[in-house]
Structures are given as structure tokens and as C-alpha cells.
$ cat input-v4.cif   # mmCIF, C-alpha atoms (C1' of nucleotides)
data_work
loop_
_atom_site.label_atom_id
_atom_site.label_comp_id
_atom_site.auth_asym_id
_atom_site.auth_seq_id
_atom_site.Cartn_x
_atom_site.Cartn_y
_atom_site.Cartn_z
CA MET A 20 4.03 -2.28 -24.81
CA TYR A 21 5.44 -2.37 -21.33
CA LEU A 22 8.70 -3.82 -20.33
CA CYS A 23 8.24 -6.16 -17.43
CA LEU A 24 9.37 -3.81 -14.73
CA MET A 25 8.33 -4.18 -11.16
CA TYR A 26 5.55 -2.00 -9.87
CA THR A 27 6.39 0.91 -7.63
CA SER A 28 6.40 -0.61 -4.20
CA GLU A 29 3.58 1.60 -3.02
CA LEU A 30 1.03 -0.43 -4.93
CA ILE A 31 2.02 -3.74 -3.45
CA LYS A 32 1.76 -2.21 -0.01
CA GLY A 33 -1.32 -3.49 1.72
CA THR A 34 -1.85 -6.47 -0.58
CA LEU A 35 0.85 -8.75 0.81
CA LYS A 36 -1.34 -10.41 3.42
CA THR A 37 -4.06 -10.98 0.85
CA ILE A 38 -1.60 -12.59 -1.54
CA VAL A 39 -0.11 -14.85 1.11
CA LEU A 40 -3.49 -15.96 2.46
CA GLU A 41 -4.93 -16.70 -0.97
CA LEU A 42 -1.85 -18.56 -2.16
CA LEU A 43 -1.89 -20.76 0.92
CA LYS A 44 -5.57 -21.40 0.41
CA LYS A 45 -4.94 -22.70 -3.10
CA GLN A 46 -1.66 -24.48 -2.49
CA GLY A 47 -2.46 -26.04 0.86
CA ARG A 48 0.88 -25.44 2.48
CA MET A 49 4.01 -23.56 1.52
CA TYR A 50 7.19 -22.33 3.12
CA GLY A 51 8.37 -18.74 3.03
CA TYR A 52 10.97 -18.86 0.33
CA GLU A 53 8.62 -20.92 -1.83
CA ILE A 54 6.02 -18.15 -1.60
CA THR A 55 8.44 -15.52 -2.88
CA GLN A 56 9.38 -17.72 -5.82
CA LYS A 57 5.80 -18.69 -6.67
CA VAL A 58 4.61 -15.08 -6.72
CA LYS A 59 7.56 -14.05 -8.87
CA GLU A 60 6.81 -16.88 -11.27
CA LEU A 61 3.06 -16.29 -11.46
CA THR A 62 3.52 -12.56 -12.08
CA ALA A 63 6.41 -12.85 -14.51
CA GLY A 64 8.62 -10.97 -12.08
CA LYS A 65 6.28 -8.02 -11.76
CA ILE A 66 5.64 -8.66 -8.10
CA GLN A 67 8.68 -9.64 -6.09
CA ILE A 68 8.09 -10.14 -2.42
CA THR A 69 11.15 -9.34 -0.37
CA GLU A 70 12.08 -11.58 2.52
CA GLY A 71 12.26 -8.56 4.80
CA ALA A 72 8.57 -8.03 4.17
CA LEU A 73 7.45 -11.64 4.01
CA TYR A 74 8.86 -13.19 7.16
CA PRO A 75 7.55 -10.55 9.55
CA THR A 76 4.17 -10.82 7.82
CA LEU A 77 4.10 -14.59 8.22
CA HIS A 78 5.01 -14.26 11.88
CA ALA A 79 2.26 -11.68 12.40
CA LEU A 80 -0.34 -13.87 10.69
CA GLU A 81 0.70 -16.84 12.80
CA LYS A 82 0.61 -14.81 16.00
CA ASN A 83 -2.87 -13.67 14.99
CA GLY A 84 -4.07 -17.23 14.58
CA GLU A 85 -4.48 -17.19 10.81
CA LEU A 86 -1.60 -19.59 10.12
CA GLU A 87 -0.01 -22.58 11.74
CA THR A 88 3.41 -24.04 11.08
CA GLU A 89 5.22 -27.32 10.75
CA LYS A 90 8.99 -27.52 10.67
CA GLU A 91 10.59 -29.98 8.32
CA TYR A 92 14.21 -30.86 7.92
CA MET A 93 15.66 -31.38 4.47
CA GLY A 94 18.96 -32.88 5.53
CA LYS A 95 20.27 -30.28 7.93
CA ARG A 96 18.35 -27.36 6.47
CA VAL A 97 15.06 -26.40 8.06
CA ARG A 98 11.88 -25.44 6.25
CA LYS A 99 8.94 -23.86 8.00
CA TYR A 100 5.73 -24.84 6.28
CA TYR A 101 2.72 -22.60 6.77
CA LYS A 102 -0.93 -23.51 6.31
CA LEU A 103 -4.21 -21.75 7.02
CA THR A 104 -6.18 -22.35 10.19
CA GLU A 105 -9.98 -22.38 9.97
CA GLN A 106 -9.94 -18.72 10.93
CA GLY A 107 -7.30 -18.12 8.28
CA LYS A 108 -9.53 -19.62 5.60
CA ASN A 109 -12.30 -17.22 6.45
CA THR A 110 -9.91 -14.31 6.56
CA ALA A 111 -8.51 -15.28 3.17
CA THR A 112 -11.98 -15.24 1.63
CA GLU A 113 -12.84 -11.90 3.23
CA ARG A 114 -9.61 -10.31 2.14
CA VAL A 115 -9.96 -11.46 -1.45
CA ASN A 116 -13.59 -10.31 -1.63
CA GLU A 117 -12.66 -6.95 -0.21
CA PHE A 118 -9.81 -6.57 -2.65
CA ALA A 119 -12.03 -7.56 -5.58
CA ASP A 120 -14.54 -4.95 -4.54
CA PHE A 121 -11.80 -2.39 -4.07
CA ILE A 122 -10.40 -2.80 -7.55
CA GLU A 123 -13.88 -2.47 -9.06
CA THR A 124 -14.31 0.77 -7.18
CA MET A 125 -10.93 1.96 -8.38
CA ARG A 126 -11.68 0.96 -11.97
CA PHE A 127 -14.80 3.07 -11.84
CA LEU A 128 -13.01 5.95 -10.15
CA LEU A 129 -10.17 5.92 -12.65
CA ASP A 130 -12.42 5.28 -15.66
CA LEU A 131 -10.80 2.01 -16.53
CA GLN A 132 -13.16 0.13 -18.80
CA THR A 133 -11.49 -2.92 -20.28
CA LYS A 134 -8.49 -4.88 -19.30
CA SER A 135 -5.24 -3.28 -20.41
CA GLY A 136 -3.31 -5.53 -22.73
CA HIS A 137 -6.31 -7.72 -23.45
CA VAL A 138 -8.81 -7.72 -26.27
CA GLN A 139 -12.25 -8.43 -24.95
CA GLY A 140 -14.98 -10.36 -26.71
CA MET B 13 -24.68 -7.97 -0.72
CA TYR B 14 -22.11 -5.80 0.99
CA LEU B 15 -22.86 -3.01 3.30
CA CYS B 16 -21.06 0.08 2.15
CA LEU B 17 -18.22 -0.08 4.62
CA MET B 18 -14.94 1.58 3.99
CA TYR B 19 -12.06 -0.55 2.86
CA THR B 20 -9.30 -1.38 5.30
CA SER B 21 -6.94 1.50 5.03
CA GLU B 22 -4.11 -0.70 3.85
CA LEU B 23 -5.66 -1.05 0.44
CA ILE B 24 -5.98 2.63 -0.19
CA LYS B 25 -2.38 3.11 0.79
CA GLY B 26 -0.31 3.81 -2.26
CA THR B 27 -3.19 4.74 -4.52
CA LEU B 28 -3.82 8.24 -3.21
CA LYS B 29 -1.45 10.01 -5.60
CA THR B 30 -2.93 8.11 -8.52
CA ILE B 31 -6.46 9.09 -7.53
CA VAL B 32 -5.56 12.75 -7.07
CA LEU B 33 -3.64 13.00 -10.34
CA GLU B 34 -6.35 11.29 -12.38
CA LEU B 35 -9.16 13.32 -10.82
CA LEU B 36 -7.33 16.56 -11.58
CA LYS B 37 -6.72 15.39 -15.12
CA LYS B 38 -10.44 14.89 -15.68
CA GLN B 39 -11.75 17.83 -13.70
CA GLY B 40 -9.20 20.42 -14.73
CA ARG B 41 -8.77 22.02 -11.36
CA MET B 42 -9.95 21.30 -7.86
CA TYR B 43 -9.24 22.36 -4.31
CA GLY B 44 -8.36 19.99 -1.52
CA TYR B 45 -11.63 19.72 0.29
CA GLU B 46 -13.42 19.32 -3.03
CA ILE B 47 -11.27 16.30 -3.81
CA THR B 48 -12.22 14.56 -0.57
CA GLN B 49 -15.91 15.14 -1.26
CA LYS B 50 -15.74 14.09 -4.91
CA VAL B 51 -14.01 10.82 -4.11
CA LYS B 52 -16.47 10.06 -1.34
CA GLU B 53 -19.35 10.76 -3.71
CA LEU B 54 -17.97 8.76 -6.65
CA THR B 55 -17.24 5.74 -4.47
CA ALA B 56 -20.45 5.85 -2.41
CA GLY B 57 -18.41 6.48 0.71
CA LYS B 58 -16.21 3.43 0.23
CA ILE B 59 -13.09 5.53 -0.19
CA GLN B 60 -12.81 8.45 2.17
CA ILE B 61 -9.66 10.48 1.87
CA THR B 62 -8.67 12.04 5.15
CA GLU B 63 -7.37 15.58 5.19
CA GLY B 64 -4.34 14.45 7.15
CA ALA B 65 -3.38 12.30 4.18
CA LEU B 66 -4.49 14.59 1.38
CA TYR B 67 -2.88 17.90 2.21
CA PRO B 68 0.64 16.55 2.71
CA THR B 69 0.22 14.61 -0.55
CA LEU B 70 -0.85 17.72 -2.45
CA HIS B 71 2.11 19.63 -1.03
CA ALA B 72 4.48 16.86 -2.02
CA LEU B 73 3.10 16.69 -5.56
CA GLU B 74 3.41 20.46 -5.89
CA LYS B 75 6.98 20.45 -4.57
CA ASN B 76 7.75 17.74 -7.09
CA GLY B 77 6.46 19.84 -9.98
CA GLU B 78 3.37 17.75 -10.76
CA LEU B 79 0.88 20.35 -9.59
CA GLU B 80 0.58 24.11 -9.53
CA THR B 81 -1.73 26.21 -7.42
CA GLU B 82 -3.89 29.29 -7.59
CA LYS B 83 -5.34 30.84 -4.47
CA GLU B 84 -8.84 32.18 -4.64
CA TYR B 85 -10.79 34.05 -2.03
CA MET B 86 -14.45 33.29 -1.50
CA GLY B 87 -15.25 36.22 0.73
CA LYS B 88 -12.65 35.91 3.46
CA ARG B 89 -12.12 32.20 3.08
CA VAL B 90 -9.25 30.99 0.94
CA ARG B 91 -9.34 28.12 -1.50
CA LYS B 92 -6.22 26.65 -3.01
CA TYR B 93 -6.96 25.31 -6.45
CA TYR B 94 -4.64 22.68 -7.84
CA LYS B 95 -4.11 21.75 -11.46
CA LEU B 96 -1.69 19.48 -13.30
CA THR B 97 1.49 20.77 -14.89
CA GLU B 98 2.61 19.25 -18.18
CA GLN B 99 4.79 16.91 -16.19
CA GLY B 100 1.83 16.14 -13.96
CA LYS B 101 -0.26 15.10 -16.96
CA ASN B 102 2.36 12.61 -18.01
CA THR B 103 2.73 11.31 -14.49
CA ALA B 104 -1.04 10.90 -14.21
CA THR B 105 -1.12 8.76 -17.34
CA GLU B 106 1.81 6.66 -16.20
CA ARG B 107 0.34 6.11 -12.75
CA VAL B 108 -3.04 5.06 -14.08
CA ASN B 109 -1.49 2.71 -16.63
CA GLU B 110 0.69 1.17 -13.98
CA PHE B 111 -2.25 0.73 -11.65
CA ALA B 112 -4.37 -0.82 -14.40
CA ASP B 113 -1.59 -3.27 -15.11
CA PHE B 114 -1.16 -3.99 -11.43
CA ILE B 115 -4.79 -4.89 -10.88
CA GLU B 116 -4.73 -7.22 -13.88
CA THR B 117 -1.74 -8.96 -12.38
CA MET B 118 -3.50 -9.20 -9.05
CA ARG B 119 -6.68 -10.51 -10.66
CA PHE B 120 -4.69 -13.26 -12.25
CA LEU B 121 -2.77 -13.99 -9.07
CA LEU B 122 -5.92 -14.13 -6.96
CA ASP B 123 -7.94 -15.99 -9.58
CA LEU B 124 -10.52 -13.26 -9.95
CA GLN B 125 -12.34 -13.83 -13.18
CA THR B 126 -15.31 -11.53 -13.55
CA LYS B 127 -16.28 -8.36 -11.87
CA SER B 128 -17.77 -8.91 -8.44
CA GLY B 129 -21.25 -7.50 -8.20
CA HIS B 130 -21.62 -7.19 -11.95
CA VAL B 131 -23.21 -9.40 -14.53
CA GLN B 132 -21.11 -9.53 -17.62
CA GLY B 133 -22.27 -9.81 -21.22
"C1'" DC C 18 37.42 -28.96 -4.69
"C1'" DA C 19 36.75 -24.17 -4.00
"C1'" DA C 20 34.01 -20.40 -5.01
"C1'" DA C 21 29.67 -18.59 -6.48
"C1'" DG C 22 25.05 -18.71 -6.46
"C1'" DA C 23 20.73 -20.49 -4.84
"C1'" DT C 24 18.11 -21.96 -0.90
"C1'" DA C 25 16.19 -20.82 3.71
"C1'" DC C 26 15.62 -18.64 7.76
"C1'" DA C 27 15.69 -14.10 10.63
"C1'" DT C 28 16.01 -9.25 12.38
"C1'" DA C 29 17.13 -4.21 12.52
"C1'" DA C 30 17.56 0.56 10.69
"C1'" DC C 31 15.29 3.43 7.82
"C1'" DA C 32 11.59 5.34 4.68
"C1'" DA C 33 7.06 6.15 3.07
"C1'" DT C 34 2.40 6.70 3.82
"C1'" DC C 35 -1.45 6.62 6.25
"C1'" DT C 36 -4.71 7.60 10.74
"C1'" DT C 37 -5.92 10.23 14.53
"C1'" DA C 38 -5.73 14.30 16.90
"C1'" DT C 39 -5.38 19.00 17.07
"C1'" DG C 40 -5.51 23.77 15.62
"C1'" DT C 41 -7.37 27.96 13.21
"C1'" DA C 42 -10.92 30.38 10.87
"C1'" DT C 43 -15.11 31.25 7.95
"C1'" DT C 44 -19.70 30.22 6.29
"C1'" DT C 45 -24.23 28.18 6.41
"C1'" DC C 46 -28.22 26.39 8.45
"C1'" DC C 47 -31.65 25.90 12.01
"C1'" DG D 17 -26.26 32.13 18.50
"C1'" DG D 18 -24.61 27.50 18.30
"C1'" DA D 19 -23.81 23.34 15.55
"C1'" DA D 20 -22.36 21.57 11.40
"C1'" DA D 21 -20.05 22.17 7.21
"C1'" DT D 22 -16.33 24.26 4.71
"C1'" DA D 23 -11.30 24.93 4.19
"C1'" DC D 24 -6.80 25.05 5.28
"C1'" DA D 25 -2.64 22.98 7.99
"C1'" DT D 26 0.60 20.20 10.91
"C1'" DA D 27 2.26 16.77 14.39
"C1'" DA D 28 2.41 12.30 16.91
"C1'" DG D 29 1.94 7.68 16.27
"C1'" DA D 30 1.00 3.24 13.64
"C1'" DT D 31 1.65 0.29 9.86
"C1'" DT D 32 4.03 -1.71 6.36
"C1'" DG D 33 7.24 -1.81 3.28
"C1'" DT D 34 12.75 -1.57 1.53
"C1'" DT D 35 17.49 -2.23 2.23
"C1'" DA D 36 21.06 -4.13 4.70
"C1'" DT D 37 22.93 -7.54 7.33
"C1'" DG D 38 23.62 -12.02 9.45
"C1'" DT D 39 23.77 -17.15 9.66
"C1'" DA D 40 23.88 -21.51 7.55
"C1'" DT D 41 23.20 -25.23 4.05
"C1'" DC D 42 23.02 -27.10 -0.60
"C1'" DT D 43 24.09 -27.14 -5.56
"C1'" DT D 44 26.44 -26.04 -9.57
"C1'" DT D 45 30.43 -25.05 -12.18
"C1'" DG D 46 35.10 -23.93 -13.64
#
$ encode --input "input-v4.cif" --output "C-alpha cells"
Amino acid sequence: MYLCLMYTSELIKGTLKTIVLELLKKQGRMYGYEITQKVKELTAGKIQITEGALYPTLHALEKNGELETEKEYMGKRVRKYYKLTEQGKNTATERVNEFADFIETMRFLLDLQTKSGHVQG
Amino acid sequence: MYLCLMYTSELIKGTLKTIVLELLKKQGRMYGYEITQKVKELTAGKIQITEGALYPTLHALEKNGELETEKEYMGKRVRKYYKLTEQGKNTATERVNEFADFIETMRFLLDLQTKSGHVQG
DNA sequence: CAAAGATACATAACAATCTTATGTATTTCC
DNA sequence: GGAAATACATAAGATTGTTATGTATCTTTG
């Protein structure tokens, strides 16, 4: 059995946008810090998005027209909520489909038959 | 149905070492150019390893003690065959296991149930 | 109530890893 | 004999991440 260590950062590389887009698609709207916590929770700590990676990514997606923002004040503290634009919804779907296809290709290439840690059937 | 386009390069990023190590584990020994062709063939052109990425990676793996080389001359042209060291074999297994675990985590995170493009059962 | 930790944003220096471009040289095919 | 394929290699530039740092507010706890 594995301990629940984080993955080497190389693997996460390239999937961050996909994760953010798909999460926003499911959750409707989220703010940055919330995204880091949600991913950590859903992956049992295996994937931990750093703020240094997330915020620039969110800004880039917004600049590219995939996301739009609303600022909300909780007392004096600001929260920037992000949600998908129409374009962002399409991009989210494309990205997820591409990733799904990619992992099937990799599973074939690496001879991975069944899910590790799962008993099938 | 998808056309057989290449994946956005971001996805491949970080998986190159894993691919190389696992291929060498199965094939015994291979030379650089052969690796690029084999991967292209096995993935129907979806993953195309560029030489600018592969050669530096092979050199790094060799420097790190994962690979060892044998030069062979086919006429006047040289081929550099790579094979795994004992350490390399262990690293290959670790990398593949980690990747397998990673894609399961991602499948859960992205709500991917069954294999895209496959009929299960 | 003061300090520590969590929440919430942001940016900059650095590192890793890839693409694209370039270079050299041999072999094969038409 | 020239184009395409084989076979190696490296360098400039782009992308995307980590680590470090900064600011500020809110909550918990001794």
C-alpha cells in the first residue's frame, strides 16, 4: 500500500487548467483559495495546488476569456469569485475529453490494465 | 470520433521519463530514434516525442544512473543503445505505479467513469 | 488579549521541461 | 544524384510549475 504522498510535481504539470475548468463547471463558481482546498480534499492531499501556480493560471484564463470574476466582500476581506464564460464551458469539455483520451493512450502505452488499488468486477 | 491529432504538449510534459523507462523495461534495449518511432507507432501518432526533448532526457537519466549505454556501429553510422540499470528498473516500476495512481486520482477528480472510446463489459 | 494559524489575495526569482530551430553525417529510395 | 529517412546532438526561447515573499484580515486558543 502507498502512503498518501503527493505526486512528483511533474505529473500535475499541464493538468492544472483542466482541473480548474472542470471544477468550476461542476461547482458553478469558486474563489481561488477555495479551489486549492477543494482539490486537496477531493484527492486526500495527493494533489495540492500551490497559490503561486493557481493565481497566475486564473488570471491567464480570465485574460483569455474563459473565466469571469465577481468580487465579494466578507467584512473587510475580499474574495474573487470565478465562473466559466460560455467559451470557458466549451474549453472545459474539450480539455477533459482530451485528457480522458490521453490517459487511455498512456494506459495502453504503459500496459496498465485495471485500476490500481481497485478490484474490478 | 476524434481525428488523430496530437495532444497539447502540456499533457505529455512530465510523462516522458516514465514512458522511456517503461519502454526500455519491456524492450530490453533501444536507441533514441527507435524510441521516438516506437512511441509514435504504439500511440497511432498521438504522442510524438521530439528529439529535442528525448536526447537531453536520455542523457539526464544516464547521468543519474538509471540507464547505461552501448555504442554500436551500423556501417559508419553510430547507434547508442540504452538499457536500464538495476536502479533504473526500480525507478521504472515506481514511476509507472505513481502514474497509474495519479490517473486514478484524476479520473475521480474529473468524474471520468468509463474508458472513453471503449465499451466495457 | 496577544500570538498563532487559517483565510485570501498577489507577484517575483528560480527551476524544470518541453518546442522549435539548427547542425552534422550516413543511408536508402526513386 | 537529390530527397527523405535515419541518427546523433545542442541552443534559444516558451511554458508552467515551485519556493519565497509580501500584505492584510479573521479565528482560535492559551
$ atom_distance --input "input-v4.cif" --atom1 "atom CA of Asn76 of chain B" --atom2 "atom C1' of DA30 of chain D"
26.2 Å
$ resolve_selection --input "input-v4.cif" --expression "the PyMOL selection byres ((chain D) within 9 of (chain B))" --output "ChimeraX atom specification"
/D:22-26,31-32
$ atom_distance --input "input-v4.cif" --atom1 "atom C1' of DT44 of chain D" --atom2 "atom C1' of DC18 of chain C"
12.4 Å
$ resolve_selection --input "input-v4.cif" --expression "the PyMOL selection byres ((chain C) within 10 of (chain A))" --output "NGL selection string"
:C and (24-28 or 33-34)
$ write_last_selection --input "input-v4.cif" --atoms "C-alpha atoms (C1' of nucleotides)" --output "CSV table (one decimal), keeping the file's coordinate frame"
chain,number,residue,atom,x,y,z
C,24,DT,C1',18.1,-22.0,-0.9
C,25,DA,C1',16.2,-20.8,3.7
C,26,DC,C1',15.6,-18.6,7.8
C,27,DA,C1',15.7,-14.1,10.6
C,28,DT,C1',16.0,-9.2,12.4
C,33,DA,C1',7.1,6.2,3.1
C,34,DT,C1',2.4,6.7,3.8
$ resolve_selection --input "input-v4.cif" --expression "the PyMOL selection byres ((chain A) within 9 of (chain B))" --output "PyMOL selection string"
chain A and resi 26-34+37-38+41-42+58+61-62+65-66+115-129+131+134-136
$ atom_distance --input "input-v4.cif" --atom1 "atom CA of Tyr100 of chain A" --atom2 "atom CA of Met49 of chain A"
5.2 Å
$ closest_residue --input "input-v4.cif" --among "D:DT34, D:DT45, D:DT39, D:DA27" --to "DG40 of chain C" --atoms "all atoms listed in the file"
D:DA27
$ axis_aligned_box --input "input-v4.cif" --around "segment 18-34 of chain C" --padding-each-side "5 Å" --output "lines of an AutoDock Vina configuration file"
center_x = 19.9
center_y = -11.1
center_z = 3.0
size_x = 45.0
size_y = 45.7
size_z = 29.0
$ build_atoms --input "input-v4.cif" --residues "segment 44-70 of chain B" --atoms "N, CA, C and O atoms" --output "PDB file, in the coordinates of the input"
ATOM      1  N   GLY B  44      -8.513  21.160  -2.365  1.00  0.00           N
ATOM      2  CA  GLY B  44      -8.360  19.990  -1.520  1.00  0.00           C
ATOM      3  C   GLY B  44      -9.645  19.394  -0.989  1.00  0.00           C
ATOM      4  O   GLY B  44      -9.939  18.213  -1.214  1.00  0.00           O
ATOM      5  N   TYR B  45     -10.399  20.217  -0.326  1.00  0.00           N
ATOM      6  CA  TYR B  45     -11.630  19.720   0.290  1.00  0.00           C
ATOM      7  C   TYR B  45     -12.576  19.152  -0.766  1.00  0.00           C
ATOM      8  O   TYR B  45     -13.244  18.146  -0.530  1.00  0.00           O
ATOM      9  N   GLU B  46     -12.586  19.793  -1.925  1.00  0.00           N
ATOM     10  CA  GLU B  46     -13.420  19.320  -3.030  1.00  0.00           C
ATOM     11  C   GLU B  46     -13.034  17.904  -3.453  1.00  0.00           C
ATOM     12  O   GLU B  46     -13.901  17.094  -3.789  1.00  0.00           O
ATOM     13  N   ILE B  47     -11.749  17.627  -3.425  1.00  0.00           N
ATOM     14  CA  ILE B  47     -11.270  16.300  -3.810  1.00  0.00           C
ATOM     15  C   ILE B  47     -11.789  15.244  -2.847  1.00  0.00           C
ATOM     16  O   ILE B  47     -12.291  14.191  -3.266  1.00  0.00           O
ATOM     17  N   THR B  48     -11.712  15.534  -1.544  1.00  0.00           N
ATOM     18  CA  THR B  48     -12.220  14.560  -0.570  1.00  0.00           C
ATOM     19  C   THR B  48     -13.697  14.271  -0.786  1.00  0.00           C
ATOM     20  O   THR B  48     -14.126  13.128  -0.714  1.00  0.00           O
ATOM     21  N   GLN B  49     -14.472  15.306  -1.085  1.00  0.00           N
ATOM     22  CA  GLN B  49     -15.910  15.140  -1.260  1.00  0.00           C
ATOM     23  C   GLN B  49     -16.244  14.395  -2.556  1.00  0.00           C
ATOM     24  O   GLN B  49     -17.151  13.554  -2.597  1.00  0.00           O
ATOM     25  N   LYS B  50     -15.497  14.716  -3.606  1.00  0.00           N
ATOM     26  CA  LYS B  50     -15.740  14.090  -4.910  1.00  0.00           C
ATOM     27  C   LYS B  50     -15.457  12.592  -4.863  1.00  0.00           C
ATOM     28  O   LYS B  50     -16.230  11.783  -5.401  1.00  0.00           O
ATOM     29  N   VAL B  51     -14.373  12.237  -4.212  1.00  0.00           N
ATOM     30  CA  VAL B  51     -14.010  10.820  -4.110  1.00  0.00           C
ATOM     31  C   VAL B  51     -15.034  10.070  -3.277  1.00  0.00           C
ATOM     32  O   VAL B  51     -15.454   8.962  -3.630  1.00  0.00           O
ATOM     33  N   LYS B  52     -15.459  10.680  -2.193  1.00  0.00           N
ATOM     34  CA  LYS B  52     -16.470  10.060  -1.340  1.00  0.00           C
ATOM     35  C   LYS B  52     -17.764   9.834  -2.131  1.00  0.00           C
ATOM     36  O   LYS B  52     -18.373   8.768  -2.072  1.00  0.00           O
ATOM     37  N   GLU B  53     -18.131  10.821  -2.904  1.00  0.00           N
ATOM     38  CA  GLU B  53     -19.350  10.760  -3.710  1.00  0.00           C
ATOM     39  C   GLU B  53     -19.252   9.680  -4.799  1.00  0.00           C
ATOM     40  O   GLU B  53     -20.148   8.850  -4.959  1.00  0.00           O
ATOM     41  N   LEU B  54     -18.140   9.703  -5.534  1.00  0.00           N
ATOM     42  CA  LEU B  54     -17.970   8.760  -6.650  1.00  0.00           C
ATOM     43  C   LEU B  54     -17.874   7.313  -6.187  1.00  0.00           C
ATOM     44  O   LEU B  54     -18.175   6.390  -6.940  1.00  0.00           O
ATOM     45  N   THR B  55     -17.419   7.107  -4.949  1.00  0.00           N
ATOM     46  CA  THR B  55     -17.240   5.740  -4.470  1.00  0.00           C
ATOM     47  C   THR B  55     -18.300   5.346  -3.446  1.00  0.00           C
ATOM     48  O   THR B  55     -18.157   4.346  -2.748  1.00  0.00           O
ATOM     49  N   ALA B  56     -19.358   6.128  -3.360  1.00  0.00           N
ATOM     50  CA  ALA B  56     -20.450   5.850  -2.410  1.00  0.00           C
ATOM     51  C   ALA B  56     -19.930   5.693  -0.992  1.00  0.00           C
ATOM     52  O   ALA B  56     -20.385   4.839  -0.238  1.00  0.00           O
ATOM     53  N   GLY B  57     -18.936   6.481  -0.655  1.00  0.00           N
ATOM     54  CA  GLY B  57     -18.410   6.480   0.710  1.00  0.00           C
ATOM     55  C   GLY B  57     -17.414   5.384   1.002  1.00  0.00           C
ATOM     56  O   GLY B  57     -16.890   5.288   2.098  1.00  0.00           O
ATOM     57  N   LYS B  58     -17.134   4.538  -0.007  1.00  0.00           N
ATOM     58  CA  LYS B  58     -16.210   3.430   0.230  1.00  0.00           C
ATOM     59  C   LYS B  58     -14.776   3.895   0.388  1.00  0.00           C
ATOM     60  O   LYS B  58     -13.983   3.280   1.098  1.00  0.00           O
ATOM     61  N   ILE B  59     -14.425   4.938  -0.340  1.00  0.00           N
ATOM     62  CA  ILE B  59     -13.090   5.530  -0.190  1.00  0.00           C
ATOM     63  C   ILE B  59     -13.252   6.931   0.358  1.00  0.00           C
ATOM     64  O   ILE B  59     -13.873   7.780  -0.286  1.00  0.00           O
ATOM     65  N   GLN B  60     -12.727   7.134   1.549  1.00  0.00           N
ATOM     66  CA  GLN B  60     -12.810   8.450   2.170  1.00  0.00           C
ATOM     67  C   GLN B  60     -11.406   8.945   2.461  1.00  0.00           C
ATOM     68  O   GLN B  60     -10.725   8.427   3.336  1.00  0.00           O
ATOM     69  N   ILE B  61     -10.996   9.929   1.705  1.00  0.00           N
ATOM     70  CA  ILE B  61      -9.660  10.480   1.870  1.00  0.00           C
ATOM     71  C   ILE B  61      -9.649  11.415   3.062  1.00  0.00           C
ATOM     72  O   ILE B  61     -10.441  12.349   3.123  1.00  0.00           O
ATOM     73  N   THR B  62      -8.767  11.151   4.003  1.00  0.00           N
ATOM     74  CA  THR B  62      -8.670  12.040   5.150  1.00  0.00           C
ATOM     75  C   THR B  62      -7.819  13.256   4.789  1.00  0.00           C
ATOM     76  O   THR B  62      -6.926  13.183   3.941  1.00  0.00           O
ATOM     77  N   GLU B  63      -8.117  14.350   5.469  1.00  0.00           N
ATOM     78  CA  GLU B  63      -7.370  15.580   5.190  1.00  0.00           C
ATOM     79  C   GLU B  63      -5.908  15.454   5.610  1.00  0.00           C
ATOM     80  O   GLU B  63      -5.030  16.029   4.989  1.00  0.00           O
ATOM     81  N   GLY B  64      -5.706  14.683   6.684  1.00  0.00           N
ATOM     82  CA  GLY B  64      -4.340  14.450   7.150  1.00  0.00           C
ATOM     83  C   GLY B  64      -3.483  13.712   6.144  1.00  0.00           C
ATOM     84  O   GLY B  64      -2.255  13.812   6.163  1.00  0.00           O
ATOM     85  N   ALA B  65      -4.118  12.979   5.257  1.00  0.00           N
ATOM     86  CA  ALA B  65      -3.380  12.300   4.180  1.00  0.00           C
ATOM     87  C   ALA B  65      -3.314  13.179   2.938  1.00  0.00           C
ATOM     88  O   ALA B  65      -2.292  13.244   2.263  1.00  0.00           O
ATOM     89  N   LEU B  66      -4.420  13.858   2.646  1.00  0.00           N
ATOM     90  CA  LEU B  66      -4.490  14.590   1.380  1.00  0.00           C
ATOM     91  C   LEU B  66      -3.567  15.806   1.312  1.00  0.00           C
ATOM     92  O   LEU B  66      -2.817  15.942   0.343  1.00  0.00           O
ATOM     93  N   TYR B  67      -3.639  16.659   2.318  1.00  0.00           N
ATOM     94  CA  TYR B  67      -2.880  17.900   2.210  1.00  0.00           C
ATOM     95  C   TYR B  67      -1.374  17.679   2.088  1.00  0.00           C
ATOM     96  O   TYR B  67      -0.738  18.274   1.206  1.00  0.00           O
ATOM     97  N   PRO B  68      -0.785  16.825   2.911  1.00  0.00           N
ATOM     98  CA  PRO B  68       0.640  16.550   2.710  1.00  0.00           C
ATOM     99  C   PRO B  68       0.949  15.988   1.318  1.00  0.00           C
ATOM    100  O   PRO B  68       1.982  16.294   0.738  1.00  0.00           O
ATOM    101  N   THR B  69       0.027  15.176   0.794  1.00  0.00           N
ATOM    102  CA  THR B  69       0.220  14.610  -0.550  1.00  0.00           C
ATOM    103  C   THR B  69       0.188  15.703  -1.608  1.00  0.00           C
ATOM    104  O   THR B  69       1.022  15.732  -2.522  1.00  0.00           O
ATOM    105  N   LEU B  70      -0.766  16.605  -1.495  1.00  0.00           N
ATOM    106  CA  LEU B  70      -0.850  17.720  -2.450  1.00  0.00           C
ATOM    107  C   LEU B  70       0.428  18.561  -2.394  1.00  0.00           C
ATOM    108  O   LEU B  70       0.989  18.941  -3.429  1.00  0.00           O
TER     109      LEU B  70
END
